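To be precise, the following lines are query_26.txt, and they hold compact mmCIF, C-alpha atoms and all ligand atoms.
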```txt
# COMPACT_ATOMS: atom_id res chain seq x y z
CA MET W 1 89.52 -32.47 14.85
CA LEU W 2 90.06 -35.65 12.83
CA ARG W 3 88.23 -38.63 14.34
CA PHE W 4 88.98 -42.32 14.00
CA MET W 5 86.76 -45.24 15.03
CA ASN W 6 87.17 -46.22 18.69
CA THR W 7 89.25 -43.14 19.33
CA LEU W 8 88.47 -40.97 22.35
CA CYS W 9 88.40 -37.34 21.38
CA PHE W 10 88.81 -34.59 23.94
CA ALA W 11 90.11 -31.03 24.10
CA THR W 12 93.03 -30.29 26.44
CA LEU W 13 93.02 -26.84 28.08
CA PRO W 14 96.10 -26.72 30.38
CA GLY W 15 95.62 -23.09 31.49
CA ASP W 16 98.05 -21.30 33.81
CA GLY W 17 100.44 -21.88 36.72
CA ILE W 18 100.85 -25.58 37.53
CA GLY W 19 98.11 -26.42 34.96
CA PRO W 20 100.45 -27.27 32.05
CA GLU W 21 102.80 -29.31 34.31
CA VAL W 22 100.12 -31.55 35.81
CA VAL W 23 98.10 -31.83 32.59
CA ASP W 24 101.24 -33.04 30.80
CA VAL W 25 101.71 -35.79 33.41
CA SER W 26 98.04 -36.82 33.23
CA LEU W 27 98.34 -37.23 29.45
CA ARG W 28 101.45 -39.37 29.91
CA VAL W 29 99.44 -41.62 32.25
CA LEU W 30 96.55 -41.82 29.74
CA LYS W 31 99.00 -42.69 26.94
CA ALA W 32 100.61 -45.44 29.02
CA LEU W 33 97.15 -46.87 29.85
CA ALA W 34 96.02 -46.61 26.21
CA ASP W 35 99.09 -48.60 25.11
CA LYS W 36 98.36 -51.31 27.70
CA ARG W 37 94.62 -51.52 27.01
CA ASN W 38 94.61 -51.01 23.25
CA PHE W 39 92.58 -47.86 22.95
CA ASN W 40 93.47 -44.59 21.23
CA PHE W 41 92.85 -41.00 22.03
CA GLU W 42 93.07 -37.82 20.02
CA THR W 43 93.52 -34.51 21.74
CA SER W 44 94.47 -30.96 20.81
CA TYR W 45 95.84 -28.22 23.08
CA HIS W 46 94.13 -24.84 23.44
CA ASP W 47 94.79 -21.68 25.40
CA VAL W 48 92.44 -20.76 28.24
CA GLY W 49 92.58 -18.31 31.15
CA GLY W 50 95.58 -15.98 31.55
CA ILE W 51 97.48 -17.49 28.63
CA GLY W 52 94.36 -16.94 26.52
CA ILE W 53 94.38 -13.26 27.51
CA ASP W 54 98.10 -12.97 26.68
CA ASN W 55 97.90 -14.73 23.31
CA HIS W 56 94.36 -13.91 22.07
CA GLU W 57 93.12 -11.06 24.30
CA SER W 58 90.41 -13.41 25.60
CA ALA W 59 90.32 -15.81 28.55
CA LEU W 60 88.18 -18.10 26.39
CA PRO W 61 89.29 -17.59 22.77
CA GLU W 62 86.80 -18.48 20.05
CA SER W 63 89.22 -21.13 18.66
CA THR W 64 89.25 -22.84 22.10
CA LEU W 65 85.47 -22.81 22.29
CA ILE W 66 85.16 -24.28 18.79
CA ALA W 67 87.60 -27.09 19.67
CA CYS W 68 85.58 -27.86 22.82
CA ARG W 69 82.35 -28.02 20.79
CA GLN W 70 83.99 -30.54 18.45
CA SER W 71 85.13 -32.77 21.32
CA ASP W 72 83.50 -35.35 23.59
CA ALA W 73 85.00 -33.91 26.78
CA ILE W 74 87.37 -31.26 28.12
CA LEU W 75 90.45 -32.01 30.20
CA PHE W 76 91.04 -28.75 32.04
CA GLY W 77 94.04 -27.63 34.15
CA SER W 78 93.32 -24.45 36.08
CA VAL W 79 93.36 -20.73 35.33
CA GLY W 80 94.43 -17.46 36.90
CA GLY W 81 97.38 -16.01 38.77
CA PRO W 82 98.95 -12.78 40.04
CA LYS W 83 99.69 -11.50 36.51
CA TRP W 84 95.97 -11.09 35.76
CA GLU W 85 94.71 -10.23 39.25
CA ASN W 86 94.35 -6.51 38.51
CA LEU W 87 91.99 -6.95 35.56
CA ALA W 88 88.34 -5.94 35.95
CA PRO W 89 86.36 -8.70 37.77
CA ASP W 90 84.51 -9.78 34.61
CA LYS W 91 87.84 -10.11 32.74
CA GLN W 92 89.52 -12.26 35.43
CA PRO W 93 90.58 -15.63 33.97
CA GLU W 94 88.38 -17.80 36.23
CA ARG W 95 85.23 -15.75 35.70
CA ALA W 96 85.82 -15.07 32.01
CA ALA W 97 86.73 -18.66 31.11
CA LEU W 98 85.06 -21.12 33.48
CA LEU W 99 81.66 -19.45 33.80
CA PRO W 100 81.13 -19.15 30.02
CA LEU W 101 82.22 -22.80 29.61
CA ARG W 102 79.69 -23.85 32.28
CA ARG W 103 77.00 -21.82 30.49
CA GLU W 104 77.92 -22.98 26.97
CA PHE W 105 77.80 -26.69 27.87
CA GLU W 106 75.14 -26.37 30.61
CA LEU W 107 77.44 -28.12 33.08
CA PHE W 108 74.77 -28.73 35.72
CA ALA W 109 76.30 -31.61 37.70
CA ASN W 110 79.50 -31.16 39.68
CA LEU W 111 81.03 -34.32 41.10
CA ARG W 112 83.74 -33.97 43.73
CA PRO W 113 85.15 -37.16 45.17
CA GLY W 114 86.55 -36.60 48.67
CA THR W 115 89.21 -39.25 48.95
CA LEU W 116 91.80 -39.63 51.69
CA TYR W 117 93.90 -42.79 51.58
CA PRO W 118 94.55 -44.35 55.02
CA GLU W 119 98.32 -43.90 54.43
CA LEU W 120 97.74 -40.12 54.25
CA SER W 121 95.35 -39.87 57.19
CA GLY W 122 97.90 -37.67 59.01
CA ILE W 123 97.32 -34.79 56.54
CA SER W 124 93.64 -34.46 57.51
CA PRO W 125 92.79 -31.83 60.14
CA LEU W 126 90.38 -34.38 61.66
CA ARG W 127 91.32 -36.54 64.66
CA SER W 128 93.30 -39.67 63.72
CA ASP W 129 90.67 -42.06 65.17
CA ILE W 130 88.05 -40.54 62.80
CA VAL W 131 90.15 -40.86 59.63
CA LYS W 132 92.37 -43.86 60.30
CA ARG W 133 90.45 -45.86 57.65
CA GLY W 134 90.73 -42.92 55.24
CA ILE W 135 87.78 -41.10 53.64
CA ASP W 136 85.82 -42.01 50.51
CA VAL W 137 82.79 -39.77 49.91
CA LEU W 138 81.42 -38.41 46.63
CA CYS W 139 79.66 -35.03 46.67
CA VAL W 140 77.27 -34.37 43.76
CA ARG W 141 76.39 -30.68 43.54
CA GLU W 142 73.76 -29.06 41.32
CA LEU W 143 75.72 -26.33 39.53
CA THR W 144 73.45 -24.18 37.36
CA GLY W 145 70.40 -23.45 39.52
CA GLY W 146 69.49 -22.19 42.98
CA ILE W 147 70.35 -18.93 44.67
CA TYR W 148 73.38 -18.08 42.49
CA PHE W 149 71.21 -17.72 39.39
CA GLY W 150 67.62 -17.09 40.59
CA LYS W 151 65.91 -13.79 39.63
CA PRO W 152 65.35 -11.17 40.99
CA LYS W 153 68.94 -10.64 42.01
CA THR W 154 69.32 -7.01 42.82
CA ARG W 155 70.20 -4.23 45.23
CA LYS W 156 68.13 -1.09 45.74
CA ILE W 157 67.85 1.95 48.01
CA LEU W 158 64.54 2.04 49.89
CA ALA W 159 62.47 5.15 50.70
CA ASN W 160 63.92 5.13 54.23
CA LYS W 161 67.46 5.21 52.65
CA GLU W 162 68.21 1.66 53.78
CA THR W 163 69.90 -0.54 51.18
CA LEU W 164 68.08 -3.74 50.31
CA ALA W 165 69.87 -6.66 48.60
CA ILE W 166 67.92 -9.57 47.12
CA ASP W 167 69.01 -13.05 45.99
CA THR W 168 66.37 -15.54 44.94
CA MET W 169 66.55 -19.30 45.29
CA THR W 170 64.56 -21.16 42.65
CA TYR W 171 64.35 -24.80 41.57
CA GLN W 172 62.11 -26.53 39.05
CA THR W 173 61.22 -30.22 39.08
CA LYS W 174 63.23 -30.97 35.94
CA GLU W 175 66.39 -29.37 37.37
CA ILE W 176 66.12 -31.60 40.43
CA GLU W 177 65.33 -34.73 38.44
CA ARG W 178 68.36 -34.44 36.17
CA ILE W 179 70.87 -33.99 39.01
CA ILE W 180 69.26 -36.91 40.85
CA GLU W 181 69.73 -39.09 37.79
CA VAL W 182 73.48 -38.30 37.84
CA ALA W 183 73.67 -38.99 41.59
CA VAL W 184 71.77 -42.27 41.27
CA GLN W 185 74.08 -43.42 38.48
CA ALA W 186 77.13 -42.49 40.56
CA ALA W 187 75.71 -44.25 43.65
CA SER W 188 74.94 -47.39 41.66
CA LEU W 189 78.61 -47.53 40.55
CA ARG W 190 79.53 -47.42 44.27
CA SER W 191 77.68 -48.85 47.30
CA GLY W 192 74.17 -47.80 46.25
CA ARG W 193 73.79 -45.46 49.27
CA LEU W 194 72.66 -41.91 48.52
CA CYS W 195 72.09 -39.09 51.03
CA SER W 196 70.14 -36.06 49.78
CA VAL W 197 70.89 -32.85 51.68
CA ASP W 198 68.39 -30.00 51.94
CA LYS W 199 66.78 -27.55 54.36
CA ALA W 200 63.22 -28.86 54.03
CA ASN W 201 62.28 -27.65 57.52
CA VAL W 202 62.57 -24.01 56.32
CA LEU W 203 62.88 -23.57 52.54
CA GLU W 204 60.15 -24.05 49.94
CA THR W 205 62.77 -25.08 47.32
CA SER W 206 64.00 -27.76 49.74
CA ILE W 207 60.48 -29.10 50.35
CA LEU W 208 60.13 -29.53 46.59
CA TRP W 209 63.68 -30.94 46.40
CA ARG W 210 62.93 -33.64 49.01
CA GLN W 211 59.64 -34.61 47.39
CA VAL W 212 61.10 -34.82 43.86
CA VAL W 213 64.17 -36.75 45.08
CA SER W 214 62.02 -39.33 46.90
CA GLU W 215 59.64 -39.82 43.96
CA HIS W 216 62.30 -39.82 41.25
CA VAL W 217 64.67 -42.24 42.98
CA ALA W 218 61.78 -44.63 43.61
CA ARG W 219 60.88 -44.38 39.92
CA ILE W 220 64.32 -44.72 38.31
CA ASP W 221 66.13 -47.05 40.74
CA PRO W 222 64.26 -48.39 43.79
CA SER W 223 67.34 -50.41 44.78
CA ILE W 224 69.10 -47.19 45.87
CA GLU W 225 69.26 -46.81 49.66
CA LEU W 226 68.08 -43.19 49.94
CA SER W 227 68.26 -41.01 53.04
CA HIS W 228 67.63 -37.29 53.66
CA MET W 229 69.52 -34.90 55.93
CA TYR W 230 69.25 -31.20 56.78
CA VAL W 231 72.29 -29.22 55.62
CA ASP W 232 73.29 -27.96 59.07
CA ASN W 233 73.34 -31.53 60.36
CA ALA W 234 75.26 -32.71 57.25
CA ALA W 235 77.97 -30.08 57.88
CA MET W 236 78.36 -31.46 61.44
CA GLN W 237 78.19 -35.13 60.44
CA LEU W 238 80.93 -34.64 57.82
CA VAL W 239 83.45 -33.72 60.51
CA ARG W 240 82.06 -36.13 63.14
CA ASP W 241 82.07 -39.24 60.92
CA PRO W 242 82.60 -38.60 57.17
CA ASN W 243 82.45 -42.30 56.28
CA GLN W 244 78.79 -42.58 57.25
CA PHE W 245 78.25 -41.02 53.78
CA ASP W 246 78.91 -42.64 50.44
CA VAL W 247 77.28 -40.32 47.88
CA ILE W 248 75.83 -36.94 48.88
CA VAL W 249 73.59 -35.02 46.48
CA THR W 250 72.56 -31.44 47.10
CA GLU W 251 71.63 -28.09 45.57
CA ASN W 252 74.10 -25.44 44.39
CA MET W 253 74.90 -23.34 47.48
CA PHE W 254 74.79 -26.21 50.00
CA GLY W 255 77.04 -28.20 47.64
CA ASP W 256 79.47 -25.30 47.29
CA ILE W 257 79.98 -25.25 51.05
CA LEU W 258 79.87 -29.00 51.77
CA SER W 259 82.25 -29.90 48.91
CA ASP W 260 84.82 -27.40 50.22
CA GLU W 261 84.40 -28.82 53.73
CA LEU W 262 84.99 -32.29 52.28
CA ALA W 263 88.12 -31.03 50.44
CA VAL W 264 89.56 -29.58 53.65
CA ILE W 265 89.03 -32.73 55.70
CA CYS W 266 90.77 -34.73 52.93
CA GLY W 267 93.97 -32.73 53.50
CA SER W 268 95.49 -31.62 50.19
CA LEU W 269 94.00 -29.96 47.11
CA GLY W 270 96.67 -31.81 45.14
CA MET W 271 94.78 -35.09 45.59
CA LEU W 272 91.23 -33.99 44.69
CA ALA W 273 89.66 -34.35 41.26
CA SER W 274 86.36 -33.03 39.93
CA ALA W 275 83.95 -33.57 37.06
CA SER W 276 81.30 -31.18 35.75
CA LEU W 277 78.79 -32.98 33.55
CA GLY W 278 76.67 -31.25 30.92
CA ALA W 279 73.11 -31.56 29.73
CA ASP W 280 74.24 -32.63 26.23
CA ARG W 281 75.33 -36.09 25.19
CA ASN W 282 78.63 -36.49 23.35
CA SER W 283 79.22 -38.52 20.18
CA MET W 284 79.34 -41.68 22.34
CA GLY W 285 75.86 -40.97 23.80
CA LEU W 286 77.39 -40.18 27.21
CA PRO W 287 77.47 -36.89 29.13
CA PHE W 288 79.76 -34.19 27.79
CA GLY W 289 81.96 -33.13 30.71
CA LEU W 290 84.72 -30.84 31.92
CA TYR W 291 87.30 -32.52 34.15
CA GLU W 292 89.62 -30.49 36.38
CA PRO W 293 91.44 -30.66 39.71
CA ALA W 294 89.71 -29.12 42.72
CA GLY W 295 92.61 -26.71 43.35
CA GLY W 296 93.77 -23.65 41.45
CA THR W 297 96.97 -22.69 39.63
CA ALA W 298 99.15 -22.73 42.80
CA PRO W 299 101.38 -19.81 41.66
CA ASP W 300 103.60 -20.33 44.74
CA ILE W 301 104.90 -23.64 43.35
CA ALA W 302 104.37 -23.25 39.57
CA GLY W 303 107.33 -24.16 37.34
CA LYS W 304 109.24 -25.92 40.16
CA ASP W 305 108.27 -29.54 39.36
CA VAL W 306 106.85 -29.99 42.87
CA ALA W 307 103.08 -29.85 42.22
CA ASN W 308 101.10 -32.97 43.02
CA PRO W 309 99.77 -34.38 39.70
CA CYS W 310 97.32 -36.82 41.37
CA ALA W 311 94.29 -34.49 41.23
CA GLN W 312 94.77 -33.98 37.48
CA ILE W 313 95.38 -37.69 36.85
CA LEU W 314 92.29 -38.62 38.87
CA SER W 315 90.30 -36.03 36.88
CA ALA W 316 91.37 -37.84 33.69
CA ALA W 317 90.10 -41.07 35.30
CA LEU W 318 86.72 -39.41 35.91
CA MET W 319 86.69 -38.40 32.23
CA LEU W 320 87.13 -42.04 31.21
CA ARG W 321 84.33 -43.08 33.59
CA TYR W 322 81.66 -40.50 32.81
CA SER W 323 82.27 -39.21 29.26
CA PHE W 324 83.71 -42.41 27.73
CA GLY W 325 82.01 -45.15 29.78
CA MET W 326 85.39 -46.80 30.57
CA GLU W 327 84.79 -47.84 34.19
CA GLU W 328 87.51 -50.50 34.26
CA GLU W 329 90.16 -48.14 32.87
CA ALA W 330 89.08 -45.40 35.31
CA GLU W 331 89.44 -47.85 38.20
CA THR W 332 92.88 -48.91 36.90
CA ILE W 333 94.11 -45.32 37.14
CA GLU W 334 92.52 -44.81 40.58
CA SER W 335 94.05 -48.03 41.81
CA ALA W 336 97.51 -47.05 40.41
CA VAL W 337 97.38 -43.75 42.33
CA LYS W 338 96.35 -45.61 45.49
CA GLN W 339 99.14 -48.22 45.07
CA THR W 340 101.72 -45.51 44.41
CA ILE W 341 100.80 -43.75 47.66
CA ARG W 342 100.75 -47.09 49.47
CA ALA W 343 104.27 -47.78 48.14
CA GLY W 344 105.45 -44.58 49.85
CA PHE W 345 105.79 -42.14 46.92
CA ARG W 346 104.86 -38.58 47.99
CA THR W 347 104.92 -35.10 46.53
CA ILE W 348 105.80 -32.39 49.02
CA ASP W 349 102.20 -31.37 49.83
CA VAL W 350 101.45 -34.83 51.29
CA ALA W 351 104.95 -35.80 52.51
CA GLN W 352 104.35 -34.59 56.09
CA GLY W 353 108.00 -33.54 56.37
CA GLY W 354 109.28 -36.84 54.97
CA LYS W 355 111.02 -37.60 51.66
CA SER W 356 109.29 -36.19 48.60
CA ILE W 357 109.62 -36.50 44.82
CA GLY W 358 108.77 -34.15 41.94
CA THR W 359 105.74 -33.91 39.65
CA GLN W 360 107.26 -35.85 36.75
CA GLU W 361 108.69 -38.55 39.01
CA MET W 362 105.32 -39.00 40.73
CA GLY W 363 103.70 -39.37 37.29
CA GLN W 364 106.24 -42.06 36.35
CA ALA W 365 105.62 -43.91 39.65
CA ILE W 366 101.89 -43.95 38.87
CA ILE W 367 102.57 -45.23 35.34
CA ASP W 368 104.73 -47.98 36.85
CA HIS W 369 101.76 -49.00 39.05
CA LEU W 370 99.25 -49.21 36.20
CA GLY W 371 99.22 -52.99 36.60
P1 LIG W 401 95.27 -22.77 44.87
O1 LIG W 401 94.38 -23.97 44.91
O2 LIG W 401 95.93 -22.48 43.59
O3 LIG W 401 96.41 -22.92 46.00
C1 LIG W 401 96.10 -23.07 47.39
C2 LIG W 401 97.24 -23.86 48.07
O4 LIG W 401 97.15 -25.24 47.66
C3 LIG W 401 98.62 -23.35 47.65
O5 LIG W 401 99.50 -23.41 48.74
C4 LIG W 401 99.04 -24.34 46.57
O6 LIG W 401 100.45 -24.50 46.48
C5 LIG W 401 98.36 -25.64 47.05
N1 LIG W 401 98.07 -26.52 45.92
C6 LIG W 401 97.04 -26.41 45.04
N2 LIG W 401 97.12 -27.39 44.12
C7 LIG W 401 98.22 -28.12 44.44
C8 LIG W 401 98.84 -29.25 43.86
N3 LIG W 401 98.35 -29.86 42.75
N4 LIG W 401 99.96 -29.74 44.42
C9 LIG W 401 100.47 -29.18 45.55
N5 LIG W 401 99.93 -28.11 46.14
C10 LIG W 401 98.82 -27.57 45.58
O7 LIG W 401 94.38 -21.53 45.37
P2 LIG W 401 94.73 -19.97 45.40
O8 LIG W 401 96.13 -19.77 45.81
O9 LIG W 401 93.62 -19.36 46.15
O10 LIG W 401 94.56 -19.50 43.88
C11 LIG W 401 95.65 -19.33 42.97
C12 LIG W 401 95.09 -18.96 41.61
O11 LIG W 401 94.29 -20.05 41.12
C13 LIG W 401 94.16 -17.75 41.65
O12 LIG W 401 94.43 -16.95 40.51
C14 LIG W 401 92.78 -18.33 41.58
O13 LIG W 401 91.87 -17.45 40.97
C15 LIG W 401 93.02 -19.55 40.72
N6 LIG W 401 92.04 -20.63 40.88
C16 LIG W 401 91.61 -21.24 39.77
C17 LIG W 401 90.72 -22.29 39.86
C18 LIG W 401 90.27 -22.97 38.61
O14 LIG W 401 90.86 -22.77 37.56
N7 LIG W 401 89.24 -23.79 38.65
C19 LIG W 401 90.26 -22.72 41.12
C20 LIG W 401 90.75 -22.08 42.27
C21 LIG W 401 91.65 -21.03 42.13
```

Starting from the coordinates I provided, produce the structure as structure tokens.
Amino acid sequence: MLRFMNTLCFATLPGDGIGPEVVDVSLRVLKALADKRNFNFETSYHDVGGIGIDNHESALPESTLIACRQSDAILFGSVGGPKWENLAPDKQPERAALLPLRREFELFANLRPGTLYPELSGISPLRSDIVKRGIDVLCVRELTGGIYFGKPKTRKILANKETLAIDTMTYQTKEIERIIEVAVQAASLRSGRLCSVDKANVLETSILWRQVVSEHVARIDPSIELSHMYVDNAAMQLVRDPNQFDVIVTENMFGDILSDELAVICGSLGMLASASLGADRNSMGLPFGLYEPAGGTAPDIAGKDVANPCAQILSAALMLRYSFGMEEEAETIESAVKQTIRAGFRTIDVAQGGKSIGTQEMGQAIIDHLG
């Protein structure tokens, strides 16, 4: 890809289902912001997921991978759908595209903001007195270690004919330190409060986790207000009073569960963004990252111009923040989404039976609120 000075360079992988619709709107928002703030971006479109299988016989075509390697970040839609559901598990779009991308770029830090604006508090399954002020919690999950990857991972028949299955949870100091650095940076951009979640009363990996977190935070940023919580308590506290948390950091499996719990209490997948940051630095010296909405391809509403584009737009804001160091511009987008909701614009997933508008119209309303 051709690069110009001061030009942001990222690869756009719209994917399947609602992916292309919401990615298109997010790029319109970025273009409108770039025109207002005098920056440029260069992007190129590449097939991934089901469309990759259809056009290149691969969910992650080599040309897509090469374009990602030449970029500073990836703006990702979502992949999969009924058309490809009958393929072998290792050929399924999600597994054959997202997992290799995570491996290729060592995307070890998954950031999932759980945001519920007060105006939308009615869409949360939590009681109204708990969420009347909205929710604003960031979950930082370690993504490449722990029980999903530890060896041995096997199943065998024992002499007594019983079947034994084994998963192994492992963590090394350096894996813990690097996710803590991401969490500390994220916390310092917010209130400075960080809660580390583990199971240090039972698990050896958690005892190490707690020790490394305490020592490393004290070393890299003593101003961070650090607390520790057991995972079973954290799961309860999230539904009892989510706003007691600001930034949560935790290992892979605990983060998988807690970030989904956070998504549910925030009401709609259409509002939730995510960032997966890699071990490598991009050409700007910042983390390479993959930015995608928390939801999937929503085949039930694809092609109808009703999908909520906010999650994709907010993912683009995270890309500006983490891979391009553009905090002010990221906040401008986040604030425009907030103002648009405050002004009463709703897509159908958050309309609570009231008046709703389409994907494109919602995108335009957000552009109009860019300030
Ligand atoms: P889904 O997230 O696509 O949909 C679940 C529900 O949420 C649906 O009712 C859908 O309409 C709604 N929804 C999701 N995003 C929305 C949005 N932006 N606006 C309004 N409503 C929205 O989950 P699913 O139905 O379990 O999966 C559908 C396909 O997506 C599957 O093929 C699955 O494998 C794939 N998927 C991909 C990813 C990914 O690419 N990262 C993640 C999850 C699921």

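Here atom CA of Ala298 of chain W is placed at a distance of 21.6 Å from atom CA of Gln364 of chain W.
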
Within 9 Å of ligand LIG 401 (chain W), counting only C-alpha atoms and all ligand atoms, which protein or nucleic acid residues do you find, written as a count of residues only?
51

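Going from atom CA of Glu261 of chain W to atom CA of Tyr148 of chain W covers 19.1 Å.
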
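You can rank W:Arg127, W:Arg103, W:His228, W:Arg219 by their closest distance to Ser206 of chain W using only C-alpha atoms, and at the top of that list sits W:His228.
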
Enter the distance from atom CA of Glu327 of chain W to atom CA of Pro222 of chain W, in Å, rounded to one decimal.
22.7 Å

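Restricting the calculation to all atoms listed in the file, the smallest distance between Leu314 of chain W and any of W:Lys36, W:Lys338, W:Lys151, W:Arg69 is found for W:Lys338.
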
Between W:Asp241, W:Glu329, W:Met362, W:Ile265, which one has atoms that come closest to Pro125 of chain W, using all atoms listed in the file?
W:Ile265

Selected residue of minimal separation from Thr205 of chain W among W:Ile147, W:Ala275, W:Ile166, W:Ala235, counting only C-alpha atoms
W:Ile147

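If you measure from each of W:Cys266, W:Ser274, W:Leu60, W:Ala343 to Gly122 of chain W using all atoms listed in the file, the closest one turns out to be W:Cys266.
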
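For the set W:Val212, W:Leu13, W:Ala200, W:Leu101, the residue with the smallest atom-to-atom gap to Gly278 of chain W is W:Leu101, counting all atoms listed in the file.
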
Within 6 Å of (83.7, -32.2, 36.5), all atoms listed in the file: residues as number ranges by chain?
W: 110-111, 274-277, 290-291

Output C-alpha atoms for every residue in that selection, as an mmCIF file, keeping the file's coordinate frame.
```
data_model
loop_
_atom_site.group_PDB
_atom_site.id
_atom_site.type_symbol
_atom_site.label_atom_id
_atom_site.label_comp_id
_atom_site.auth_asym_id
_atom_site.auth_seq_id
_atom_site.Cartn_x
_atom_site.Cartn_y
_atom_site.Cartn_z
ATOM 1 C CA ASN W 110 79.500 -31.160 39.680
ATOM 2 C CA LEU W 111 81.030 -34.320 41.100
ATOM 3 C CA SER W 274 86.360 -33.030 39.930
ATOM 4 C CA ALA W 275 83.950 -33.570 37.060
ATOM 5 C CA SER W 276 81.300 -31.180 35.750
ATOM 6 C CA LEU W 277 78.790 -32.980 33.550
ATOM 7 C CA LEU W 290 84.720 -30.840 31.920
ATOM 8 C CA TYR W 291 87.300 -32.520 34.150
#
```

Test item: residues at most 7 Å from Arg112 of chain W, only C-alpha atoms, excluding those fewer than 6 positions along its chain, as a PDB file with C-alpha atoms, in the frame of the given file:
```
ATOM      1  CA  LEU W 138      81.420 -38.410  46.630  1.00  0.00           C
ATOM      2  CA  CYS W 139      79.660 -35.030  46.670  1.00  0.00           C
ATOM      3  CA  VAL W 140      77.270 -34.370  43.760  1.00  0.00           C
ATOM      4  CA  SER W 259      82.250 -29.900  48.910  1.00  0.00           C
ATOM      5  CA  ALA W 273      89.660 -34.350  41.260  1.00  0.00           C
ATOM      6  CA  SER W 274      86.360 -33.030  39.930  1.00  0.00           C
ATOM      7  CA  ALA W 275      83.950 -33.570  37.060  1.00  0.00           C
TER       8      ALA W 275
END
```

Could you list, as a PyMOL selection string, every residue within 10 Å of Pro287 of chain W, counting all atoms listed in the file and ignoring same-chain residues fewer than 2 positions away?
chain W and resi 72-73+107+182+276-285+289-290+319+322-325
